[in-house]
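File shown here: structure-v9.cif, holding mmCIF, C-alpha atoms.
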```cif
data_protein
loop_
_atom_site.label_atom_id
_atom_site.label_comp_id
_atom_site.auth_asym_id
_atom_site.auth_seq_id
_atom_site.Cartn_x
_atom_site.Cartn_y
_atom_site.Cartn_z
CA MET A 1 104.29 56.84 126.89
CA PRO A 2 100.83 58.17 125.94
CA GLU A 3 98.99 56.06 123.39
CA ARG A 4 99.10 58.65 120.64
CA ASP A 5 102.85 59.01 121.01
CA GLU A 6 103.23 55.26 120.58
CA LEU A 7 101.15 55.48 117.45
CA GLN A 8 103.26 58.35 116.17
CA VAL A 9 106.45 56.42 116.86
CA ALA A 10 105.06 53.33 115.12
CA ARG A 11 104.05 55.38 112.13
CA TRP A 12 107.44 57.11 111.97
CA ASP A 13 109.23 53.73 112.24
CA ALA A 14 107.22 52.49 109.29
CA ILE A 15 108.11 55.37 106.98
CA ARG A 16 111.47 56.70 108.09
CA THR A 17 113.58 54.67 105.70
CA ARG A 18 111.55 55.91 102.76
CA VAL A 19 111.72 59.44 104.18
CA GLY A 20 115.51 59.07 104.36
CA ASP A 21 115.66 58.00 100.72
CA GLY A 22 113.57 61.01 99.72
CA LEU A 23 115.73 63.41 101.73
CA ARG A 24 118.87 62.01 100.14
CA GLY A 25 117.27 62.31 96.71
CA MET A 26 116.43 65.97 97.34
CA ARG A 27 120.00 66.76 98.38
CA GLY A 28 121.41 65.12 95.28
CA ARG A 29 125.09 64.66 94.63
CA GLY A 30 126.11 68.27 94.19
CA ARG A 31 125.58 69.27 97.82
CA SER A 32 127.36 67.88 100.85
CA GLN A 33 125.63 67.06 104.13
CA ALA A 34 127.79 69.67 105.87
CA GLN A 35 126.76 72.34 103.38
CA LEU A 36 123.09 71.45 103.79
CA ALA A 37 123.33 71.44 107.59
CA CYS A 38 125.00 74.84 107.50
CA GLU A 39 122.31 76.29 105.22
CA LEU A 40 119.51 74.82 107.34
CA ASP A 41 121.13 76.35 110.40
CA GLU A 42 121.31 79.75 108.72
CA LEU A 43 117.66 79.36 107.81
CA GLY A 44 116.85 79.04 111.52
CA PHE A 45 116.61 75.27 111.96
CA HIS A 46 118.92 73.66 114.48
CA ILE A 47 120.05 70.68 112.43
CA SER A 48 123.64 69.47 112.62
CA GLN A 49 125.52 67.49 109.99
CA SER A 50 125.13 64.31 112.04
CA MET A 51 121.36 64.88 112.17
CA VAL A 52 121.30 65.31 108.37
CA SER A 53 123.20 62.05 108.07
CA ARG A 54 120.92 60.22 110.54
CA TYR A 55 117.75 61.41 108.82
CA GLU A 56 119.08 60.38 105.42
CA GLN A 57 119.86 56.91 106.73
CA GLY A 58 116.38 56.60 108.18
CA GLN A 59 117.69 56.78 111.75
CA GLY A 60 116.12 60.06 112.80
CA GLU A 61 114.22 59.52 116.03
CA VAL A 62 111.78 62.39 115.75
CA PRO A 63 109.47 62.82 112.73
CA LEU A 64 110.44 65.70 110.47
CA SER A 65 108.07 68.63 110.76
CA LEU A 66 106.53 70.19 107.66
CA GLU A 67 108.68 73.26 108.25
CA ARG A 68 111.91 71.26 108.30
CA LEU A 69 110.88 69.26 105.26
CA VAL A 70 110.15 72.37 103.22
CA GLY A 71 113.27 74.08 104.58
CA TRP A 72 115.28 71.05 103.46
CA ALA A 73 113.79 71.25 99.96
CA LEU A 74 114.35 75.01 99.87
CA CYS A 75 118.04 74.59 100.65
CA CYS A 76 118.35 71.89 97.96
CA ASP A 77 116.43 73.89 95.30
CA ALA A 78 114.10 70.89 95.20
CA LEU A 79 110.70 72.40 95.88
CA SER A 80 109.31 71.11 92.59
CA SER A 81 111.03 67.72 92.85
CA GLU A 82 109.15 64.46 92.83
CA HIS A 83 110.97 63.60 96.06
CA LEU A 84 109.34 66.43 98.00
CA ARG A 85 105.90 65.62 96.58
CA GLU A 86 106.27 62.00 97.68
CA LEU A 87 107.61 62.98 101.11
CA LEU A 88 104.75 65.36 101.77
CA GLU A 89 102.29 62.64 100.80
CA LEU A 90 104.10 60.06 102.89
CA CYS A 91 104.17 62.26 105.99
CA GLY A 92 100.57 63.39 105.53
CA TYR A 93 101.37 67.05 104.91
CA ALA A 94 99.85 69.32 102.30
CA LEU A 95 100.84 72.72 100.90
CA PRO A 96 98.41 75.06 99.14
CA TRP A 97 100.63 75.27 96.06
CA THR A 98 100.41 73.44 92.74
CA ARG A 99 103.35 71.70 91.07
CA GLY A 100 103.56 74.61 88.65
CA ASP A 101 103.80 77.02 91.60
CA MET A 102 106.58 74.96 93.16
CA ALA A 103 108.46 74.97 89.84
CA GLN A 104 108.15 78.75 89.80
CA PHE A 105 109.60 78.95 93.34
CA ASP A 106 112.58 76.88 92.22
CA ASN A 107 113.02 79.22 89.26
CA LEU A 108 112.94 82.16 91.66
CA LEU A 109 115.71 80.59 93.72
CA ARG A 110 117.75 79.86 90.59
CA ARG A 111 117.23 83.41 89.31
CA TYR A 112 118.90 84.88 92.36
CA ARG A 113 121.65 82.29 92.79
CA ALA A 114 124.28 84.85 91.86
CA LEU A 115 123.44 86.97 94.92
CA SER A 116 125.78 87.00 97.88
CA ARG A 117 125.15 84.28 100.46
CA PRO A 118 123.61 86.55 103.14
CA ASP A 119 121.21 88.00 100.56
CA GLN A 120 120.29 84.51 99.35
CA MET A 121 119.60 83.36 102.90
CA MET A 122 117.38 86.36 103.46
CA LEU A 123 115.50 85.47 100.28
CA ARG A 124 115.08 81.88 101.45
CA ARG A 125 113.89 82.91 104.92
CA LYS A 126 111.28 85.15 103.35
CA MET A 127 110.28 82.46 100.86
CA LEU A 128 109.86 79.99 103.69
CA TRP A 129 107.54 82.39 105.42
CA HIS A 130 105.51 82.89 102.26
CA LEU A 131 105.46 79.14 101.57
CA LEU A 132 104.32 78.15 105.05
CA GLY A 133 102.97 81.26 106.68
CA VAL A 134 105.28 80.90 109.69
CA GLN A 135 108.55 82.53 110.65
CA PRO A 136 111.30 79.87 110.80
CA ARG A 137 112.96 81.36 113.89
CA GLU A 138 109.66 81.49 115.73
CA GLN A 139 108.99 77.95 114.64
CA ALA A 140 112.39 76.78 115.82
CA LYS A 141 111.80 78.52 119.14
CA ALA A 142 108.39 76.88 119.47
CA GLU A 143 109.94 73.47 118.71
CA GLN A 144 112.61 74.05 121.37
CA GLU A 145 109.98 75.07 123.91
CA ALA A 146 107.89 72.00 123.06
CA ALA A 147 110.96 69.76 123.48
CA SER A 148 111.81 71.26 126.89
CA MET B 149 92.51 79.80 95.77
CA ILE B 150 95.87 81.61 95.72
CA VAL B 151 95.50 85.20 94.56
CA PRO B 152 98.28 87.70 93.82
CA ALA B 153 99.07 90.10 96.65
CA ILE B 154 99.60 93.20 94.53
CA ARG B 155 96.16 93.78 93.12
CA ASP B 156 94.67 96.52 91.02
CA GLU B 157 92.97 98.11 94.07
CA MET B 158 96.31 98.37 95.84
CA ARG B 159 97.90 100.09 92.85
CA ARG B 160 94.90 102.38 92.46
CA HIS B 161 95.11 103.39 96.11
CA LEU B 162 98.85 103.96 95.80
CA ARG B 163 98.65 106.15 92.73
CA ASP B 164 95.76 108.16 94.24
CA ARG B 165 97.89 108.87 97.30
CA LEU B 166 101.05 109.57 95.27
CA ARG B 167 99.32 112.22 93.19
CA VAL B 168 98.73 114.36 96.28
CA MET B 169 101.79 113.47 98.30
CA PRO B 170 104.07 116.42 99.13
CA ALA B 171 107.71 116.16 98.02
CA VAL B 172 109.17 118.60 100.56
CA GLY B 173 111.51 117.77 103.41
CA ASP B 174 114.89 116.15 103.87
CA ALA B 175 115.74 112.64 102.66
CA ARG B 176 114.86 111.04 106.00
CA THR B 177 111.43 112.67 106.09
CA LYS B 178 110.72 111.72 102.49
CA ALA B 179 111.85 108.13 103.06
CA ASN B 180 109.61 107.84 106.13
CA ARG B 181 106.74 109.33 104.18
CA LEU B 182 107.11 106.74 101.42
CA ARG B 183 107.43 103.96 103.98
CA SER B 184 104.22 105.10 105.68
CA LEU B 185 102.50 105.21 102.32
CA LEU B 186 103.57 101.65 101.49
CA GLU B 187 102.41 100.45 104.89
CA GLU B 188 99.12 102.27 104.44
CA ILE B 189 98.37 100.29 101.28
CA GLY B 190 99.26 97.02 103.00
CA VAL B 191 102.96 96.51 102.23
CA HIS B 192 104.73 95.38 105.39
CA CYS B 193 108.05 97.28 105.56
CA ASP B 194 111.09 96.16 107.45
CA GLU B 195 114.78 97.11 107.60
CA SER B 196 117.34 94.34 107.80
CA LEU B 197 120.99 93.90 108.68
CA ASP B 198 121.01 90.73 106.57
CA LEU B 199 120.97 92.45 103.19
CA HIS B 200 124.57 92.90 102.08
CA ASP B 201 124.58 93.65 98.36
CA VAL B 202 121.07 94.55 97.27
CA ASP B 203 119.52 97.73 98.61
CA ALA B 204 115.99 96.40 99.01
CA VAL B 205 113.74 93.48 98.18
CA LEU B 206 110.03 93.34 97.48
CA PHE B 207 108.28 90.03 98.16
CA SER B 208 104.78 89.33 97.11
CA SER B 209 102.51 86.35 97.49
CA ALA B 210 99.01 85.50 98.58
CA ARG B 211 100.29 85.76 102.17
CA GLY B 212 100.99 89.45 101.62
CA THR B 213 103.49 91.90 100.27
CA GLU B 214 106.57 92.92 102.17
CA ALA B 215 109.48 95.20 101.52
CA VAL B 216 112.87 94.76 103.16
CA VAL B 217 115.38 97.60 103.02
CA ALA B 218 119.06 97.22 103.95
CA SER B 219 119.76 98.96 107.24
CA ARG B 220 123.29 99.92 106.05
CA LEU B 221 121.85 102.62 103.73
CA ASP B 222 122.19 106.31 104.57
CA ASP B 223 119.15 108.60 104.45
CA GLU B 224 119.51 109.49 100.77
CA GLN B 225 120.00 105.86 99.71
CA ARG B 226 117.12 104.79 101.94
CA PHE B 227 114.88 107.38 100.30
CA ASN B 228 115.91 106.10 96.86
CA ALA B 229 115.25 102.52 97.94
CA TYR B 230 111.72 103.39 99.14
CA ALA B 231 111.07 105.37 95.95
CA ARG B 232 112.10 102.34 93.88
CA LEU B 233 109.95 100.02 95.96
CA THR B 234 107.03 102.39 95.47
CA ALA B 235 107.68 102.48 91.72
CA ARG B 236 107.92 98.68 91.73
CA VAL B 237 104.54 98.29 93.43
CA LEU B 238 103.07 100.86 91.06
CA ALA B 239 104.39 99.58 87.75
CA GLY B 240 106.55 96.49 88.20
CA GLU B 241 105.71 93.06 86.83
CA VAL B 242 104.60 90.76 89.64
CA HIS B 243 104.28 87.08 88.88
CA SER B 244 101.73 84.97 90.66
CA PRO B 245 101.70 83.10 93.04
CA MET B 246 104.96 84.41 94.53
CA ASP B 247 107.55 86.84 93.32
CA ALA B 248 110.59 88.64 94.64
CA ALA B 249 112.22 91.67 93.09
CA MET B 250 115.66 92.92 94.08
CA GLU B 251 116.59 96.57 94.07
CA TYR B 252 120.26 96.47 93.12
CA ALA B 253 122.58 99.34 93.93
CA ASP B 254 123.35 99.39 90.19
CA GLY B 255 120.50 98.59 87.79
CA ASN B 256 122.89 96.69 85.52
CA GLU B 257 123.36 93.93 88.11
CA ALA B 258 119.96 92.35 87.41
CA PRO B 259 120.40 88.78 86.11
CA SER B 260 118.49 88.99 82.81
CA LYS B 261 118.12 91.53 80.02
CA HIS B 262 114.39 91.80 80.66
CA GLU B 263 114.96 92.51 84.36
CA ARG B 264 117.66 95.09 83.58
CA GLU B 265 115.22 96.85 81.27
CA GLU B 266 112.53 96.83 83.95
CA GLU B 267 115.06 97.98 86.54
CA ARG B 268 115.92 101.04 84.41
CA MET B 269 112.24 101.85 83.97
CA ILE B 270 111.67 101.50 87.72
CA MET B 271 114.62 103.81 88.44
CA THR B 272 113.30 106.48 86.08
CA LEU B 273 109.83 106.24 87.61
CA ALA B 274 111.35 106.31 91.11
CA ARG B 275 113.11 109.58 90.26
CA ALA B 276 109.79 111.09 89.17
CA ILE B 277 108.18 109.89 92.43
CA GLY B 278 111.11 111.19 94.47
CA GLU B 279 110.85 114.62 92.88
CA GLY B 280 107.09 114.66 93.38
CA ARG B 281 106.74 115.01 89.60
CA LEU B 282 104.59 112.09 88.53
CA ASP B 283 103.73 114.02 85.37
CA LEU B 284 107.26 113.15 84.16
CA ALA B 285 106.05 109.56 83.69
CA PRO B 286 103.34 108.19 81.37
CA ARG B 287 99.88 109.00 82.65
CA PRO B 288 98.50 105.43 82.66
CA LEU B 289 100.91 104.73 85.52
CA TYR B 290 99.24 107.22 87.83
CA GLU B 291 95.73 108.03 86.62
CA ASP B 292 92.79 106.65 84.67
CA VAL B 293 93.20 107.40 81.00
CA PRO B 294 91.03 106.74 77.94
CA LYS B 295 91.53 103.39 76.27
CA LEU B 296 92.13 102.59 72.62
CA THR B 297 88.70 101.33 71.47
CA LEU B 298 86.48 101.15 68.43
CA ALA B 299 85.14 104.70 68.19
CA PHE B 300 82.26 106.06 66.12
CA THR B 301 81.71 109.64 67.25
CA PRO B 302 84.19 112.53 66.99
CA ARG B 303 84.51 112.73 70.79
CA SER B 304 84.98 108.99 71.32
CA ALA B 305 87.37 108.89 68.33
CA ALA B 306 89.48 111.63 69.97
CA ARG B 307 89.50 109.77 73.29
CA SER B 308 90.38 106.52 71.53
CA THR B 309 93.26 108.24 69.71
CA LEU B 310 94.47 109.54 73.05
CA GLY B 311 94.18 106.00 74.43
CA GLY B 312 96.40 104.85 71.56
CA PHE B 313 98.99 107.52 72.43
CA HIS B 314 98.95 106.44 76.10
CA TRP B 315 99.39 102.79 75.12
CA TRP B 316 102.32 103.74 72.86
CA SER B 317 103.86 105.89 75.60
CA GLY B 318 103.59 103.11 78.21
CA PHE B 319 105.01 100.59 75.76
CA TRP B 320 108.13 102.62 74.98
CA TYR B 321 108.57 103.84 78.55
CA ARG B 322 109.12 100.19 79.52
CA ARG B 323 111.46 99.46 76.63
CA SER B 324 113.49 102.46 75.56
CA ASN B 325 116.08 104.47 77.46
CA MET B 326 115.82 107.24 74.89
CA TYR B 327 112.05 107.48 75.28
CA ARG B 328 112.33 107.48 79.08
CA ARG B 329 114.84 110.35 78.95
CA TRP B 330 112.65 112.24 76.51
CA ARG B 331 109.47 111.58 78.51
CA SER B 332 111.17 112.80 81.72
CA ARG B 333 111.72 116.27 80.27
CA ARG B 334 109.45 118.96 81.68
CA ASP B 335 108.79 120.62 78.29
CA VAL B 336 107.77 117.25 76.83
CA SER B 337 105.55 116.54 79.81
CA TYR B 338 103.94 119.96 79.40
CA ALA B 339 103.37 119.39 75.66
CA ILE B 340 101.82 115.97 76.34
CA GLY B 341 99.55 117.57 78.92
CA ARG B 342 98.37 120.03 76.27
CA VAL B 343 97.69 117.26 73.75
CA CYS B 344 95.74 115.32 76.40
CA GLY B 345 93.72 118.47 77.17
CA ILE B 346 92.85 118.96 73.51
CA LEU B 347 91.85 115.34 72.84
CA ASP B 348 90.05 114.81 76.15
CA PRO B 349 88.98 118.16 77.58
CA ARG B 350 87.51 116.82 80.87
CA PRO B 351 89.14 118.21 84.04
CA LEU B 352 92.10 116.18 85.32
CA ARG B 353 91.58 114.13 88.46
CA THR B 354 93.71 115.37 91.29
CA ALA B 355 92.57 113.16 94.15
#
```
Please rewrite the model in this file as structure tokens.
Amino acid sequence: MPERDELQVARWDAIRTRVGDGLRGMRGRGRSQAQLACELDELGFHISQSMVSRYEQGQGEVPLSLERLVGWALCCDALSSEHLRELLELCGYALPWTRGDMAQFDNLLRRYRALSRPDQMMLRRKMLWHLLGVQPREQAKAEQEAAS
Amino acid sequence: MIVPAIRDEMRRHLRDRLRVMPAVGDARTKANRLRSLLEEIGVHCDESLDLHDVDAVLFSSARGTEAVVASRLDDEQRFNAYARLTARVLAGEVHSPMDAAMEYADGNEAPSKHEREEERMIMTLARAIGEGRLDLAPRPLYEDVPKLTLAFTPRSAARSTLGGFHWWSGFWYRRSNMYRRWRSRRDVSYAIGRVCGILDPRPLRTA
């Protein structure tokens, strides 16, 4: 294993329990793991219910990418939550948005909660692009290519 | 620094192009014309199978502005959707740093009273755009007009009074169905044009 990968693994081992706590906190009690996995899948991430469970228990083997972390928060309406802020800090990621901006994004999601599910997913996909500047499907494809 | 995507220059460019845009052709031609216009001013346009209930969506952030139109729409509905998106870019409220506006099939579906009011204003303005009759909407939406200021000479006082009328017109156009209906009448539009000519006799900008 190359040295930097060992370092990455060591770093991930050190933080993954806390990351799991944060992920569970973002999901809250009102949303099941199955529901979250389904929404993440519709958003373009290939995350199964068992993966959601493993990550929340701190057993995920691969570090969560920024895209997956933000996608997770987007599906949980938790962009402005303290959990996401702490997770981003913990994982060493940064977004160019203030806390006020993130609160506005959550409001935007809440405003359109009455829309049909396909329309809401379209809104979330577009929001993800605007939040990160990358297309989730392209990102997922790139991740798959990197893995293979 | 995050800056809003729909800026004054974009709106200025749009209204300059709208003033000279022909309104002839079938619905498909007119829809394509409006789409080209939006793309010309920097709005990325796309058509999507994923939109089920809303006709179109306008997203705006520092990363850009994009419009998504439901691909299930027929030519006439598609033309209406592009006209509403154009009206939205021209006169809609856009909140920084990111905003999304839905174009519902029925304007009464918007979630809040404020949004329903704006939706009705956008629909009225979209009709004026669709008919190629921008003069059926308040002038501040599509051309530079005098502003209400402190005025000391007869000429500047007349221009300032006109600015006050324009402010009043814009205010009620956004808030009152009755005013929008009244303002969309051709005889009213003609009379307002005459009043503008009397209070500010400079030639109207056409391009």
Take the PyMOL selection byres ((chain A) within 9 of (chain B)), run it mentally on this structure, and tell me the resulting residues as a PDB file with C-alpha atoms, keeping the file's coordinate frame.
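Writing the result to part14.pdb gives the following:
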```
ATOM      1  CA  PRO A  96      98.410  75.060  99.140  1.00  0.00           C
ATOM      2  CA  TRP A  97     100.630  75.270  96.060  1.00  0.00           C
ATOM      3  CA  ASP A 101     103.800  77.020  91.600  1.00  0.00           C
ATOM      4  CA  GLN A 104     108.150  78.750  89.800  1.00  0.00           C
ATOM      5  CA  PHE A 105     109.600  78.950  93.340  1.00  0.00           C
ATOM      6  CA  LEU A 108     112.940  82.160  91.660  1.00  0.00           C
ATOM      7  CA  ARG A 111     117.230  83.410  89.310  1.00  0.00           C
ATOM      8  CA  TYR A 112     118.900  84.880  92.360  1.00  0.00           C
ATOM      9  CA  ALA A 114     124.280  84.850  91.860  1.00  0.00           C
ATOM     10  CA  LEU A 115     123.440  86.970  94.920  1.00  0.00           C
ATOM     11  CA  SER A 116     125.780  87.000  97.880  1.00  0.00           C
ATOM     12  CA  ARG A 117     125.150  84.280 100.460  1.00  0.00           C
ATOM     13  CA  PRO A 118     123.610  86.550 103.140  1.00  0.00           C
ATOM     14  CA  ASP A 119     121.210  88.000 100.560  1.00  0.00           C
ATOM     15  CA  GLN A 120     120.290  84.510  99.350  1.00  0.00           C
ATOM     16  CA  MET A 121     119.600  83.360 102.900  1.00  0.00           C
ATOM     17  CA  MET A 122     117.380  86.360 103.460  1.00  0.00           C
ATOM     18  CA  LEU A 123     115.500  85.470 100.280  1.00  0.00           C
ATOM     19  CA  LYS A 126     111.280  85.150 103.350  1.00  0.00           C
ATOM     20  CA  MET A 127     110.280  82.460 100.860  1.00  0.00           C
ATOM     21  CA  TRP A 129     107.540  82.390 105.420  1.00  0.00           C
ATOM     22  CA  HIS A 130     105.510  82.890 102.260  1.00  0.00           C
ATOM     23  CA  LEU A 131     105.460  79.140 101.570  1.00  0.00           C
ATOM     24  CA  GLY A 133     102.970  81.260 106.680  1.00  0.00           C
TER      25      GLY A 133
END
```
Worksheet item: Taking only C-alpha atoms into account, which of B:Tyr230, B:Asp283, B:Glu263, B:Phe313 comes nearest Val242 (chain B)?
Response: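 Among B:Tyr230, B:Asp283, B:Glu263, B:Phe313, it is B:Glu263 that comes nearest to Val242 (chain B).
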Item to complete: Do a neighbour search on Glu82 (chain A) at 12 Å with only C-alpha atoms, toss out local chain neighbours closer than 5 positions, and write the hits as a ChimeraX atom specification.
Response: /A:22-23,25-26,73,87-89,99,102-103
Take the residues from that selection and put them in a file with C-alpha atoms, as a PDB file, keeping the file's coordinate frame.
```pdb
ATOM      1  CA  GLY A  22     113.570  61.010  99.720  1.00  0.00           C
ATOM      2  CA  LEU A  23     115.730  63.410 101.730  1.00  0.00           C
ATOM      3  CA  GLY A  25     117.270  62.310  96.710  1.00  0.00           C
ATOM      4  CA  MET A  26     116.430  65.970  97.340  1.00  0.00           C
ATOM      5  CA  ALA A  73     113.790  71.250  99.960  1.00  0.00           C
ATOM      6  CA  LEU A  87     107.610  62.980 101.110  1.00  0.00           C
ATOM      7  CA  LEU A  88     104.750  65.360 101.770  1.00  0.00           C
ATOM      8  CA  GLU A  89     102.290  62.640 100.800  1.00  0.00           C
ATOM      9  CA  ARG A  99     103.350  71.700  91.070  1.00  0.00           C
ATOM     10  CA  MET A 102     106.580  74.960  93.160  1.00  0.00           C
ATOM     11  CA  ALA A 103     108.460  74.970  89.840  1.00  0.00           C
TER      12      ALA A 103
END
```
Worksheet entry | Test item: the PyMOL selection byres ((chain B and resi 320) around 12) resolved as a list in words |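 Against this file, the PyMOL selection byres ((chain B and resi 320) around 12) returns the residues Glu265, Glu266, Met269, Ala285, Pro286, Phe313, His314, Trp315, Trp316, Ser317, Gly318, Phe319, Tyr321, Arg322, Arg323, Ser324, Asn325, Met326, Tyr327, Arg328, Arg329, Trp330 and Arg331 of chain B.
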Discussion item. For the provided coordinates, the residues matched by the PyMOL selection byres ((chain B and resi 167-182) around 6) should be stated as a PyMOL selection string.
Written reply: chain B and resi 164-166+183-185+223-224+227+280
Item to complete: Excluding Trp72 (chain A) and any residue of its chain fewer than 6 positions from it, enumerate the residues within 9 Å of it, using only C-alpha atoms, and give them as a ChimeraX atom specification.
Response: /A:23,26-27,36,39-40,78-79
Worksheet item: If we count all atoms listed in the file, what is near Ala235 (chain B) at a cut-off of 10 Å, once residues fewer than 3 positions away on the same chain are taken out, given as number ranges by chain?
Response: B: 162-163, 229-232, 238-240, 269-278, 289
Discussion item. Using Å and a single decimal, report how far CA of His83 (chain A) sits from CA of Gly28 (chain A).
Written reply: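 So the two atoms, CA of Gly28 (chain A) and CA of His83 (chain A), lie 10.6 Å apart.
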